[in-house]
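Participant: My structure file work.cif, mmCIF, C-alpha atoms, is below:
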data_coords
loop_
_atom_site.label_atom_id
_atom_site.label_comp_id
_atom_site.auth_asym_id
_atom_site.auth_seq_id
_atom_site.Cartn_x
_atom_site.Cartn_y
_atom_site.Cartn_z
CA MET F 9 56.79 143.96 211.71
CA SER F 10 60.06 142.31 212.54
CA LYS F 11 58.63 138.95 211.50
CA LEU F 12 57.45 140.36 208.16
CA SER F 13 60.88 141.76 207.52
CA ASP F 14 62.39 138.41 208.27
CA ASP F 15 59.98 136.65 205.91
CA ILE F 16 60.79 139.09 203.13
CA ALA F 17 64.48 138.62 203.72
CA CYS F 18 64.10 134.86 203.62
CA GLY F 19 62.10 135.07 200.39
CA LEU F 20 64.74 137.23 198.78
CA GLU F 21 67.46 134.84 199.83
CA GLU F 22 65.44 131.91 198.40
CA GLU F 23 64.93 133.70 195.10
CA ALA F 24 68.63 134.55 194.93
CA ARG F 25 69.47 130.93 195.61
CA LEU F 26 67.06 129.69 192.95
CA ALA F 27 68.42 132.21 190.47
CA GLU F 28 71.93 130.98 191.17
CA VAL F 29 70.74 127.37 190.71
CA ARG F 30 69.22 128.29 187.36
CA VAL F 31 72.48 129.97 186.30
CA ARG F 32 74.42 126.89 187.35
CA GLU F 33 71.98 124.65 185.47
CA ARG F 34 72.37 126.72 182.29
CA GLU F 35 76.13 126.58 182.64
CA LEU F 36 75.91 122.84 183.20
CA THR F 37 73.74 122.47 180.11
CA LYS F 38 76.28 124.47 178.08
CA LEU F 39 79.10 122.32 179.40
CA ARG F 40 77.18 119.15 178.55
CA ASN F 41 76.58 120.43 175.01
CA LYS F 42 80.23 121.31 174.64
CA LEU F 43 81.12 117.86 175.95
CA ARG F 44 78.74 116.21 173.46
CA VAL F 45 80.20 118.22 170.57
CA SER F 46 83.71 117.43 171.75
CA GLU F 47 82.83 113.75 171.96
CA GLN F 48 81.46 113.81 168.41
CA HIS F 49 84.56 115.60 167.22
CA ARG F 50 86.75 113.07 169.03
CA LYS F 51 84.92 110.17 167.37
CA ALA F 52 85.24 111.83 163.96
CA LEU F 53 88.96 112.32 164.51
CA GLU F 54 89.32 108.72 165.61
CA SER F 55 87.45 107.57 162.46
CA ASP F 56 89.70 109.73 160.26
CA LEU F 57 92.73 108.34 162.05
CA ASP F 58 91.54 104.75 161.48
CA LYS F 59 91.02 105.45 157.77
CA ALA F 60 94.43 107.10 157.51
CA GLU F 61 96.04 104.10 159.23
CA GLN F 62 94.23 101.76 156.79
CA ARG F 63 95.52 103.77 153.85
CA VAL F 64 99.04 103.65 155.26
CA ASP F 65 98.74 99.88 155.77
CA PHE F 66 97.44 99.49 152.19
CA ILE F 67 100.32 101.55 150.77
CA ARG F 68 102.83 99.55 152.81
CA ALA F 69 101.28 96.33 151.53
CA LEU F 70 101.65 97.58 147.94
CA ASP F 71 105.28 98.37 148.62
CA ASN F 72 105.84 94.76 149.67
CA PRO F 73 103.61 92.56 147.47
CA THR F 74 103.36 88.83 147.93
CA PRO F 75 102.93 87.52 144.37
CA ALA F 76 100.46 84.67 143.87
CA ARG F 77 102.01 81.56 142.40
CA PHE F 78 100.48 80.16 139.20
CA GLU F 79 101.28 76.79 137.73
CA PHE F 80 101.99 76.69 134.00
CA LYS F 81 100.22 73.85 132.26
CA PRO F 82 101.08 73.30 128.58
CA TYR F 83 97.85 73.43 126.58
CA LYS F 84 97.10 71.06 123.78
CA PRO F 85 94.02 71.98 121.73
CA ALA F 86 91.31 69.36 122.08
CA GLY F 87 87.77 68.85 120.90
CA GLN F 88 86.45 69.64 117.45
CA ALA F 89 86.29 73.04 115.75
CA THR F 90 85.62 74.40 112.28
CA ALA F 91 86.76 77.67 110.75
CA ILE F 92 84.38 79.63 108.50
CA LEU F 93 85.87 82.07 106.01
CA VAL F 94 83.14 84.50 104.93
CA LEU F 95 83.62 86.07 101.51
CA SER F 96 81.23 88.61 99.98
CA ASP F 97 80.80 92.06 98.49
CA TRP F 98 83.97 92.09 96.43
CA HIS F 99 82.45 94.19 93.58
CA VAL F 100 85.52 93.35 91.54
CA GLU F 101 84.82 95.42 88.42
CA GLU F 102 83.62 98.55 90.22
CA THR F 103 85.98 101.53 90.14
CA VAL F 104 86.49 103.84 93.12
CA ASP F 105 88.27 107.06 92.18
CA PRO F 106 90.01 108.43 95.29
CA GLU F 107 89.03 111.95 94.24
CA THR F 108 85.35 111.04 94.69
CA ILE F 109 85.86 110.03 98.32
CA ASN F 110 88.46 112.49 99.60
CA GLY F 111 91.30 110.01 99.18
CA ALA F 112 89.79 107.52 101.65
CA ASN F 113 89.90 104.61 99.19
CA GLU F 114 90.91 103.52 95.71
CA PHE F 115 89.69 100.43 93.90
CA ASN F 116 90.26 98.92 90.47
CA LEU F 117 90.97 95.49 89.00
CA GLU F 118 94.63 95.51 90.05
CA ILE F 119 93.82 96.48 93.62
CA ALA F 120 90.99 93.93 93.70
CA ALA F 121 93.41 91.13 92.75
CA LYS F 122 95.89 92.18 95.44
CA ARG F 123 93.23 92.37 98.13
CA ILE F 124 91.78 88.99 97.19
CA GLU F 125 95.20 87.38 97.46
CA ALA F 126 95.79 89.09 100.81
CA VAL F 127 92.46 87.80 102.16
CA PHE F 128 93.38 84.17 101.52
CA GLN F 129 96.92 84.62 102.81
CA ASN F 130 95.79 86.34 106.01
CA ALA F 131 92.97 83.84 106.51
CA VAL F 132 95.50 81.00 106.65
CA LYS F 133 97.56 82.96 109.18
CA LEU F 134 94.51 83.52 111.37
CA ILE F 135 93.47 79.86 111.14
CA ASP F 136 96.95 78.82 112.25
CA ALA F 137 96.79 81.31 115.14
CA ALA F 138 93.35 80.03 116.20
CA ARG F 139 94.73 76.48 116.31
CA SER F 140 96.60 77.39 119.50
CA LEU F 141 93.20 77.26 121.24
CA SER F 142 90.97 75.19 118.95
CA ASN F 143 91.46 71.89 117.17
CA ILE F 144 90.52 73.09 113.67
CA LYS F 145 90.37 70.30 111.12
CA ASP F 146 87.60 71.51 108.80
CA LEU F 147 87.01 74.71 106.88
CA VAL F 148 83.85 76.31 105.49
CA VAL F 149 84.27 78.92 102.75
CA ALA F 150 80.98 80.82 102.55
CA LEU F 151 80.51 82.64 99.22
CA LEU F 152 77.75 85.12 100.00
CA GLY F 153 77.36 87.13 96.83
CA ASP F 154 77.94 90.53 95.28
CA PHE F 155 81.30 89.42 93.94
CA ILE F 156 80.38 91.52 90.94
CA THR F 157 78.63 94.90 90.78
CA GLY F 158 76.74 94.39 87.54
CA TYR F 159 74.62 96.93 85.72
CA ILE F 160 71.83 97.38 88.25
CA HIS F 161 72.24 101.18 88.05
CA GLU F 162 72.69 103.15 84.82
CA GLU F 163 75.87 104.90 85.91
CA LEU F 164 77.57 101.53 86.45
CA VAL F 165 77.50 100.94 82.69
CA GLU F 166 79.84 103.92 82.40
CA SER F 167 82.00 103.44 85.50
CA ASN F 168 82.56 99.68 85.75
CA SER F 169 85.82 98.30 84.39
CA LEU F 170 84.22 95.11 83.05
CA SER F 171 80.84 93.92 81.86
CA PRO F 172 78.92 91.55 84.17
CA VAL F 173 80.03 88.52 82.15
CA GLU F 174 83.68 89.60 82.18
CA ALA F 175 83.48 90.46 85.88
CA SER F 176 82.03 87.01 86.61
CA LEU F 177 84.99 85.39 84.86
CA PHE F 178 87.42 87.59 86.84
CA ALA F 179 85.74 86.71 90.12
CA GLN F 180 85.54 83.02 89.17
CA ASP F 181 89.26 82.79 88.43
CA HIS F 182 90.19 84.45 91.73
CA ILE F 183 87.77 82.36 93.78
CA CYS F 184 89.24 79.20 92.23
CA GLY F 185 92.75 80.48 92.92
CA GLY F 186 91.80 81.13 96.54
CA LEU F 187 90.25 77.71 96.99
CA ASP F 188 93.34 76.04 95.51
CA PHE F 189 95.47 78.07 97.92
CA LEU F 190 93.35 76.96 100.88
CA LEU F 191 93.38 73.31 99.81
CA LYS F 192 97.16 73.48 99.78
CA HIS F 193 97.91 75.68 102.80
CA ALA F 194 94.94 75.74 105.23
CA GLY F 195 95.86 72.38 106.74
CA THR F 196 92.26 71.13 106.96
CA LYS F 197 90.84 67.74 106.08
CA SER F 198 87.89 69.19 104.20
CA ILE F 199 86.50 72.39 102.71
CA THR F 200 82.75 72.93 102.40
CA VAL F 201 81.49 75.76 100.18
CA PRO F 202 77.93 77.03 100.82
CA THR F 203 76.84 79.78 98.44
CA CYS F 204 74.33 82.64 98.26
CA TYR F 205 73.83 84.93 95.29
CA GLY F 206 73.76 88.68 95.85
CA ASN F 207 71.43 91.38 94.63
CA HIS F 208 74.06 93.01 92.35
CA GLY F 209 74.65 89.94 90.19
CA ARG F 210 71.11 89.81 88.83
CA THR F 211 70.35 89.94 85.13
CA THR F 212 66.99 91.65 85.67
CA PRO F 213 66.23 95.30 86.51
CA LYS F 214 64.67 94.29 89.83
CA MET F 215 65.42 91.38 92.17
CA ARG F 216 63.24 88.32 91.58
CA ALA F 217 61.91 86.11 94.35
CA ALA F 218 61.08 82.67 92.94
CA THR F 219 63.47 82.84 89.96
CA ALA F 220 66.33 84.85 91.49
CA ALA F 221 68.87 82.03 91.01
CA GLN F 222 67.96 81.48 87.35
CA ASN F 223 68.53 85.20 86.73
CA SER F 224 71.85 85.53 88.57
CA TYR F 225 75.31 85.70 87.04
CA GLU F 226 76.70 84.62 90.42
CA TRP F 227 74.56 81.49 90.72
CA LEU F 228 75.79 80.46 87.27
CA MET F 229 79.35 81.20 88.37
CA TYR F 230 78.93 79.02 91.46
CA LYS F 231 77.64 76.11 89.36
CA GLN F 232 80.57 76.48 86.97
CA ILE F 233 83.10 76.44 89.83
CA GLU F 234 81.30 73.45 91.38
CA ARG F 235 81.74 71.58 88.12
CA HIS F 236 85.40 72.60 88.00
CA TYR F 237 86.02 70.88 91.36
CA LYS F 238 83.81 67.86 90.69
CA GLY F 239 85.58 64.72 91.84
CA ARG F 240 88.30 66.73 93.59
CA PRO F 241 88.91 65.20 97.04
CA GLY F 242 88.66 67.40 100.12
CA ILE F 243 86.09 69.88 98.80
CA ARG F 244 82.30 69.73 98.58
CA TRP F 245 79.73 72.29 97.47
CA LYS F 246 76.29 73.35 98.69
CA VAL F 247 74.82 75.59 95.98
CA GLU F 248 71.18 76.46 96.72
CA ARG F 249 68.56 78.18 94.58
CA GLY F 250 66.95 79.93 97.55
CA HIS F 251 67.96 83.11 99.32
CA LYS F 252 69.18 81.19 102.38
CA ASN F 253 71.61 78.31 102.77
CA TYR F 254 71.58 76.18 105.94
CA LEU F 255 74.62 74.20 107.06
CA ASP F 256 75.30 72.15 110.17
CA VAL F 257 78.70 73.16 111.53
CA GLN F 258 79.90 71.21 114.58
CA GLY F 259 76.34 70.56 115.66
CA HIS F 260 75.33 74.22 115.27
CA LEU F 261 72.90 75.17 112.51
CA VAL F 262 74.28 78.15 110.58
CA ARG F 263 72.05 80.14 108.25
CA PHE F 264 73.92 81.88 105.44
CA THR F 265 72.34 84.66 103.39
CA HIS F 266 73.61 87.49 101.24
CA GLY F 267 72.01 90.02 103.57
CA ASP F 268 69.80 92.05 101.25
CA GLY F 269 66.86 90.74 103.30
CA PHE F 270 68.13 92.86 106.18
CA LYS F 271 66.51 96.27 105.77
CA TYR F 272 68.01 99.26 107.59
CA HIS F 273 66.82 102.82 107.03
CA GLY F 274 68.79 104.58 109.75
CA GLY F 275 67.99 105.03 113.44
CA ILE F 276 69.83 105.38 116.73
CA MET F 277 69.66 101.63 117.44
CA GLY F 278 71.83 100.87 114.40
CA PRO F 279 71.45 98.01 111.90
CA LEU F 280 71.54 95.22 114.48
CA ALA F 281 68.03 96.04 115.77
CA PRO F 282 66.18 95.42 112.46
CA ILE F 283 68.53 92.52 111.69
CA ARG F 284 67.56 90.81 114.95
CA ARG F 285 63.87 91.36 114.19
CA LYS F 286 64.31 89.75 110.77
CA ILE F 287 66.19 86.81 112.29
CA ALA F 288 63.43 86.33 114.87
CA SER F 289 60.93 86.17 112.00
CA TRP F 290 63.04 83.62 110.11
CA ASP F 291 63.45 81.53 113.25
CA LYS F 292 59.69 80.98 113.38
CA GLY F 293 60.05 78.88 110.24
CA ARG F 294 63.40 77.25 110.94
CA ARG F 295 65.56 78.23 113.87
CA ALA F 296 69.29 78.77 113.35
CA ASP F 297 71.99 78.99 115.99
CA LEU F 298 73.95 81.61 114.03
CA ASP F 299 73.16 83.87 111.09
CA VAL F 300 75.93 84.99 108.73
CA GLY F 301 75.42 87.63 106.04
CA GLY F 302 76.95 90.52 104.19
CA HIS F 303 75.52 93.24 101.91
CA LEU F 304 75.82 96.13 104.40
CA HIS F 305 79.53 96.75 103.74
CA THR F 306 80.32 96.88 107.44
CA HIS F 307 81.65 94.45 110.04
CA MET F 308 79.21 93.68 112.86
CA LYS F 309 78.77 90.84 115.30
CA ASP F 310 76.87 89.77 118.38
CA SER F 311 75.89 86.44 119.92
CA LYS F 312 73.36 85.69 117.18
CA VAL F 313 74.63 87.22 113.95
CA VAL F 314 77.84 88.04 112.07
CA ILE F 315 77.79 90.59 109.23
CA ASN F 316 80.69 90.51 106.78
CA ASN F 317 82.36 93.67 105.49
CA SER F 318 83.32 94.35 101.85
CA LEU F 319 86.48 93.90 99.80
CA ILE F 320 85.88 97.05 97.77
CA GLY F 321 85.88 99.29 100.83
CA PRO F 322 84.19 102.69 101.09
CA GLY F 323 82.88 104.36 97.96
CA PRO F 324 81.02 107.52 96.99
CA TYR F 325 77.56 105.99 97.54
CA GLY F 326 78.34 104.74 101.05
CA ASP F 327 79.97 108.02 101.93
CA LEU F 328 76.84 109.85 100.76
CA VAL F 329 74.42 107.56 102.64
CA ASP F 330 76.07 106.98 106.02
CA GLY F 331 79.67 108.21 105.88
CA ASP F 332 80.99 104.93 107.33
CA LEU F 333 84.53 104.69 105.92
CA MET F 334 85.31 101.21 107.25
CA PRO F 335 88.51 99.74 105.76
CA PRO F 336 88.07 96.69 103.51
CA SER F 337 88.00 93.29 105.20
CA GLN F 338 86.38 89.87 105.20
CA THR F 339 85.59 87.63 108.21
CA LEU F 340 86.87 84.47 109.88
CA ILE F 341 84.62 82.64 112.36
CA VAL F 342 85.49 79.65 114.53
CA LEU F 343 82.77 77.31 115.81
CA ASP F 344 83.53 74.67 118.45
CA LYS F 345 81.36 71.63 119.05
CA ALA F 346 81.50 72.09 122.84
CA TYR F 347 80.69 75.82 123.02
CA LYS F 348 77.86 78.15 122.07
CA PRO F 349 78.63 79.84 118.73
CA PRO F 350 80.57 81.77 117.79
CA VAL F 351 83.80 81.07 119.68
CA LEU F 352 85.82 83.55 117.59
CA VAL F 353 84.94 86.27 115.09
CA GLN F 354 87.91 88.01 113.48
CA GLU F 355 88.19 90.52 110.65
CA VAL F 356 90.51 89.44 107.84
CA PHE F 357 92.08 92.66 106.65
CA CYS F 358 93.38 92.89 103.09
CA ASP F 359 95.19 96.22 102.75
#
Rewrite the coordinates I just gave you, this time as structure tokens.
Facilitator:
Amino acid sequence: MSKLSDDIACGLEEEARLAEVRVRERELTKLRNKLRVSEQHRKALESDLDKAEQRVDFIRALDNPTPARFEFKPYKPAGQATAILVLSDWHVEETVDPETINGANEFNLEIAAKRIEAVFQNAVKLIDAARSLSNIKDLVVALLGDFITGYIHEELVESNSLSPVEASLFAQDHICGGLDFLLKHAGTKSITVPTCYGNHGRTTPKMRAATAAQNSYEWLMYKQIERHYKGRPGIRWKVERGHKNYLDVQGHLVRFTHGDGFKYHGGIMGPLAPIRRKIASWDKGRRADLDVGGHLHTHMKDSKVVINNSLIGPGPYGDLVDGDLMPPSQTLIVLDKAYKPPVLVQEVFCD
């Protein structure tokens, strides 16, 4: 009996000891977990401290900058470059009553004359400015059509200030005046004049394909101006009968067109998407390095195409169709023999 009691006592003592060991192990586990959490917290604090020290070092460095030293090297323009003055969509005889467009624009013969003069004056200024970077010795003056509005819509018979013949004479006189101004003040050795007739200058109700030139007031005007300058040194003409006019400019083939071949009927991609598709189609026949057009009465450009704005500016029709009230301007382009075209595309504002 005594031995049994002793065994029971020993068993109880062993269980008590094991229970105490288990308690100690649980406490140890808790302490280890606390230590692990504390270690993680310590590392996080150390990381935050390192980042804070980096920020302090960065701020101190900004407080005491060490400026880099750059050497100034006087630049003398080299190479060969040509400026292209793009003129189109003047619509000289069309009248824009400011009351029909919420005061956004006004246009009549007097305003047309002032804007035309400003275009040529500002073009010379921009050419001179571009000479600080490019050695410009030649000038292309691209006449891309719609210098007159004509009678292609019935209402134009009532609203235009001049008849198509009278408007052609007005445009002719101002184009000649501009060319004389450029010959005197542009400082170039030569002026080349490629031409394209527009869709507004036609004598027929609808645009012709094969005989468009023969039925165009503008094509006749170009031929008359060409005759006026015949034998005049420093200026040559490239009057074509087709809808496109190709010209090599500093080794780059430029395709000029009025732009009525570019069809845009709205869409989130804008006009450049259908224009690029049309250019890709044209390139299958004869590839051009740069396409230059007008017609859309807006200024656009990318690496492949330049679209010229209008001289007339926004009118009731444009406001009704797309609401784009872009101020009147023309375009100056610079092409350099050594670089992919265009090197520079600049609006020539005239107001």
Participant: Using all atoms listed in the file, pick whichever of F:Ser96, F:Gln88, F:Ser171, F:Thr265 has the shortest atom-to-atom distance to Leu147 (chain F).
Facilitator: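 Distance minimum relative to Leu147 (chain F) lands on F:Gln88.
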Participant: Of the candidates F:Ser142, F:Asn253, F:Gln48, F:Thr157, which one gets nearest to Ser224 (chain F) if we count all atoms listed in the file?
Facilitator: F:Thr157
Participant: Can you measure CA of Ser198 (chain F) to CA of Ala89 (chain F) for me? One decimal in Å is fine.
Facilitator: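 Computing the Euclidean distance for CA of Ser198 (chain F) and CA of Ala89 (chain F) yields 12.3 Å.
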Participant: For the PyMOL selection byres ((chain F and resi 158) around 12), applied here, can you spell out every residue it catches as a PyMOL selection string?
Facilitator: chain F and resi 97-103+153-157+159-176+206-213+224-226
Participant: Would you pick out the contacts of Tyr347 (chain F) at 12 Å or less, using all atoms listed in the file, so that residues sharing its chain but fewer than 4 positions from it are not included, and give the list as a compact mmCIF listing (two decimals) with C-alpha atoms, keeping the file's coordinate frame?
Facilitator:
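File produced: out.txt:
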# COMPACT_ATOMS: atom_id res chain seq x y z
CA GLY F 87 87.77 68.85 120.90
CA GLN F 88 86.45 69.64 117.45
CA ALA F 89 86.29 73.04 115.75
CA THR F 90 85.62 74.40 112.28
CA SER F 142 90.97 75.19 118.95
CA VAL F 257 78.70 73.16 111.53
CA GLN F 258 79.90 71.21 114.58
CA GLY F 259 76.34 70.56 115.66
CA HIS F 260 75.33 74.22 115.27
CA ASP F 297 71.99 78.99 115.99
CA VAL F 342 85.49 79.65 114.53
CA LEU F 343 82.77 77.31 115.81
CA VAL F 351 83.80 81.07 119.68
CA LEU F 352 85.82 83.55 117.59
Participant: Quick one: apply the PyMOL selection byres ((chain F and resi 248) around 10) to the file and drop the selected residues here as a list in words.
Facilitator: Pro202, Thr203, Cys204, Tyr205, Ala221, Trp227, Tyr230, Lys231, Trp245, Lys246, Val247, Arg249, Gly250, His251, Lys252, Asn253 and Tyr254 of chain F
Participant: Output C-alpha atoms of each residue in that selection to a file, as a PDB file, keeping the file's coordinate frame.
Facilitator:
ATOM      1  CA  PRO F 202      77.930  77.030 100.820  1.00  0.00           C
ATOM      2  CA  THR F 203      76.840  79.780  98.440  1.00  0.00           C
ATOM      3  CA  CYS F 204      74.330  82.640  98.260  1.00  0.00           C
ATOM      4  CA  TYR F 205      73.830  84.930  95.290  1.00  0.00           C
ATOM      5  CA  ALA F 221      68.870  82.030  91.010  1.00  0.00           C
ATOM      6  CA  TRP F 227      74.560  81.490  90.720  1.00  0.00           C
ATOM      7  CA  TYR F 230      78.930  79.020  91.460  1.00  0.00           C
ATOM      8  CA  LYS F 231      77.640  76.110  89.360  1.00  0.00           C
ATOM      9  CA  TRP F 245      79.730  72.290  97.470  1.00  0.00           C
ATOM     10  CA  LYS F 246      76.290  73.350  98.690  1.00  0.00           C
ATOM     11  CA  VAL F 247      74.820  75.590  95.980  1.00  0.00           C
ATOM     12  CA  ARG F 249      68.560  78.180  94.580  1.00  0.00           C
ATOM     13  CA  GLY F 250      66.950  79.930  97.550  1.00  0.00           C
ATOM     14  CA  HIS F 251      67.960  83.110  99.320  1.00  0.00           C
ATOM     15  CA  LYS F 252      69.180  81.190 102.380  1.00  0.00           C
ATOM     16  CA  ASN F 253      71.610  78.310 102.770  1.00  0.00           C
ATOM     17  CA  TYR F 254      71.580  76.180 105.940  1.00  0.00           C
TER      18      TYR F 254
END
Participant: Just the number, please: distance in Å from CA of Pro85 (chain F) to CA of His307 (chain F), one decimal.
Facilitator: 28.2 Å
Participant: Determine the nearest neighbour of Pro335 (chain F) from the options F:Ala112, F:Ile144, F:Leu53, F:Ala218, counting all atoms listed in the file.
Facilitator: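 Residue with the minimum atom-to-atom distance to Pro335 (chain F): F:Ala112.
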Participant: Report the closest atom pair, with its distance in Å rounded to one decimal, for each residue of region 68-103 of chain F that has an atom no farther than 12 Å from region 186-191 of chain F; count only C-alpha atoms, sort by chain and then rising residue number, and write it as a Markdown table.
Facilitator:
| residue | atom | partner | partner_atom | distance |
| --- | --- | --- | --- | --- |
| F:Ala91 | CA | F:Leu190 | CA | 11.9 |
| F:Leu93 | CA | F:Leu190 | CA | 10.4 |
| F:Leu95 | CA | F:Gly186 | CA | 10.8 |
Participant: I need every residue sitting at most 9 Å from the point (87.0, 68.7, 105.2) (coordinates as in the file, all atoms listed in the file considered), written as a ChimeraX atom specification.
Facilitator: /F:145-148,196-200,242-244
Participant: From the set F:Lys238, F:His303, F:Lys214, F:Lys345, which residue has the shortest atom-to-atom contact distance to Leu261 (chain F), counting only C-alpha atoms?
Facilitator: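 Under the stated criterion, the closest residue is F:Lys345.
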Participant: Which one of F:Ala194, F:Ala346, F:Pro282, F:Ser55 sits closest to Asn130 (chain F) if you count only C-alpha atoms?
Facilitator: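 Counting only C-alpha atoms, the residue closest to Asn130 (chain F) is F:Ala194.
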Participant: Between CA of Phe115 (chain F) and CA of Glu355 (chain F), what is the distance in Å, rounded to a tenth?
Facilitator: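 So the two atoms, CA of Phe115 (chain F) and CA of Glu355 (chain F), lie 19.5 Å apart.
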Participant: Counting only C-alpha atoms, find the residues whose atoms lie at most 12 Å from (84.5, 89.7, 114.9) (file coordinates) and write them out as a list in words.
Facilitator: Ile92, Leu93, Val94, Val300, Thr306, His307, Met308, Lys309, Asp310, Ser311, Val313, Val314, Ile315, Asn316, Asn317, Ser337, Gln338, Thr339, Leu340, Ile341, Val342, Pro350, Val351, Leu352, Val353, Gln354, Glu355, Val356 and Phe357 of chain F
Participant: Give me, as a list in words, all polymer residues having an atom no more than 9 Å from Ser140 (chain F), counting all atoms listed in the file and skipping those fewer than 3 positions away in the same chain.
Facilitator: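 In the requested form, the answer reads Tyr83, Lys84, Pro85, Asp136, Ala137 and Asn143 of chain F.
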Participant: My structure is short of atoms at region 99-114 of chain F; please model N, CA and C atoms there, returning them as a PDB file, in the coordinates of the input.
Facilitator:
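This is the output file out.pdb:
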ATOM      1  N   HIS F  99      82.724  93.169  94.606  1.00  0.00           N
ATOM      2  CA  HIS F  99      82.450  94.190  93.580  1.00  0.00           C
ATOM      3  C   HIS F  99      83.686  94.426  92.706  1.00  0.00           C
ATOM      4  N   VAL F 100      84.185  93.333  92.135  1.00  0.00           N
ATOM      5  CA  VAL F 100      85.520  93.350  91.540  1.00  0.00           C
ATOM      6  C   VAL F 100      85.701  94.359  90.417  1.00  0.00           C
ATOM      7  N   GLU F 101      84.643  94.569  89.590  1.00  0.00           N
ATOM      8  CA  GLU F 101      84.820  95.420  88.420  1.00  0.00           C
ATOM      9  C   GLU F 101      84.464  96.887  88.685  1.00  0.00           C
ATOM     10  N   GLU F 102      84.007  97.168  89.908  1.00  0.00           N
ATOM     11  CA  GLU F 102      83.620  98.550  90.220  1.00  0.00           C
ATOM     12  C   GLU F 102      84.884  99.395  90.441  1.00  0.00           C
ATOM     13  N   THR F 103      84.846 100.621  89.995  1.00  0.00           N
ATOM     14  CA  THR F 103      85.980 101.530  90.140  1.00  0.00           C
ATOM     15  C   THR F 103      85.670 102.582  91.189  1.00  0.00           C
ATOM     16  N   VAL F 104      86.607 102.771  92.126  1.00  0.00           N
ATOM     17  CA  VAL F 104      86.490 103.840  93.120  1.00  0.00           C
ATOM     18  C   VAL F 104      87.636 104.816  92.876  1.00  0.00           C
ATOM     19  N   ASP F 105      87.288 105.989  92.404  1.00  0.00           N
ATOM     20  CA  ASP F 105      88.270 107.060  92.180  1.00  0.00           C
ATOM     21  C   ASP F 105      88.516 107.759  93.513  1.00  0.00           C
ATOM     22  N   PRO F 106      89.755 107.800  93.984  1.00  0.00           N
ATOM     23  CA  PRO F 106      90.010 108.430  95.290  1.00  0.00           C
ATOM     24  C   PRO F 106      89.551 109.880  95.366  1.00  0.00           C
ATOM     25  N   GLU F 107      89.470 110.552  94.233  1.00  0.00           N
ATOM     26  CA  GLU F 107      89.030 111.950  94.240  1.00  0.00           C
ATOM     27  C   GLU F 107      87.549 112.072  94.574  1.00  0.00           C
ATOM     28  N   THR F 108      86.789 110.989  94.399  1.00  0.00           N
ATOM     29  CA  THR F 108      85.350 111.040  94.690  1.00  0.00           C
ATOM     30  C   THR F 108      85.049 110.739  96.159  1.00  0.00           C
ATOM     31  N   ILE F 109      86.086 110.393  96.926  1.00  0.00           N
ATOM     32  CA  ILE F 109      85.860 110.030  98.320  1.00  0.00           C
ATOM     33  C   ILE F 109      86.959 110.608  99.215  1.00  0.00           C
ATOM     34  N   ASN F 110      87.470 111.749  98.810  1.00  0.00           N
ATOM     35  CA  ASN F 110      88.460 112.490  99.600  1.00  0.00           C
ATOM     36  C   ASN F 110      89.697 111.654  99.930  1.00  0.00           C
ATOM     37  N   GLY F 111      90.086 110.795  99.004  1.00  0.00           N
ATOM     38  CA  GLY F 111      91.300 110.010  99.180  1.00  0.00           C
ATOM     39  C   GLY F 111      91.187 108.864 100.171  1.00  0.00           C
ATOM     40  N   ALA F 112      89.958 108.562 100.635  1.00  0.00           N
ATOM     41  CA  ALA F 112      89.790 107.520 101.650  1.00  0.00           C
ATOM     42  C   ALA F 112      89.945 106.110 101.085  1.00  0.00           C
ATOM     43  N   ASN F 113      89.826 105.949  99.768  1.00  0.00           N
ATOM     44  CA  ASN F 113      89.900 104.610  99.190  1.00  0.00           C
ATOM     45  C   ASN F 113      90.174 104.719  97.691  1.00  0.00           C
ATOM     46  N   GLU F 114      90.733 103.665  97.153  1.00  0.00           N
ATOM     47  CA  GLU F 114      90.910 103.520  95.710  1.00  0.00           C
ATOM     48  C   GLU F 114      90.691 102.067  95.359  1.00  0.00           C
TER      49      GLU F 114
END
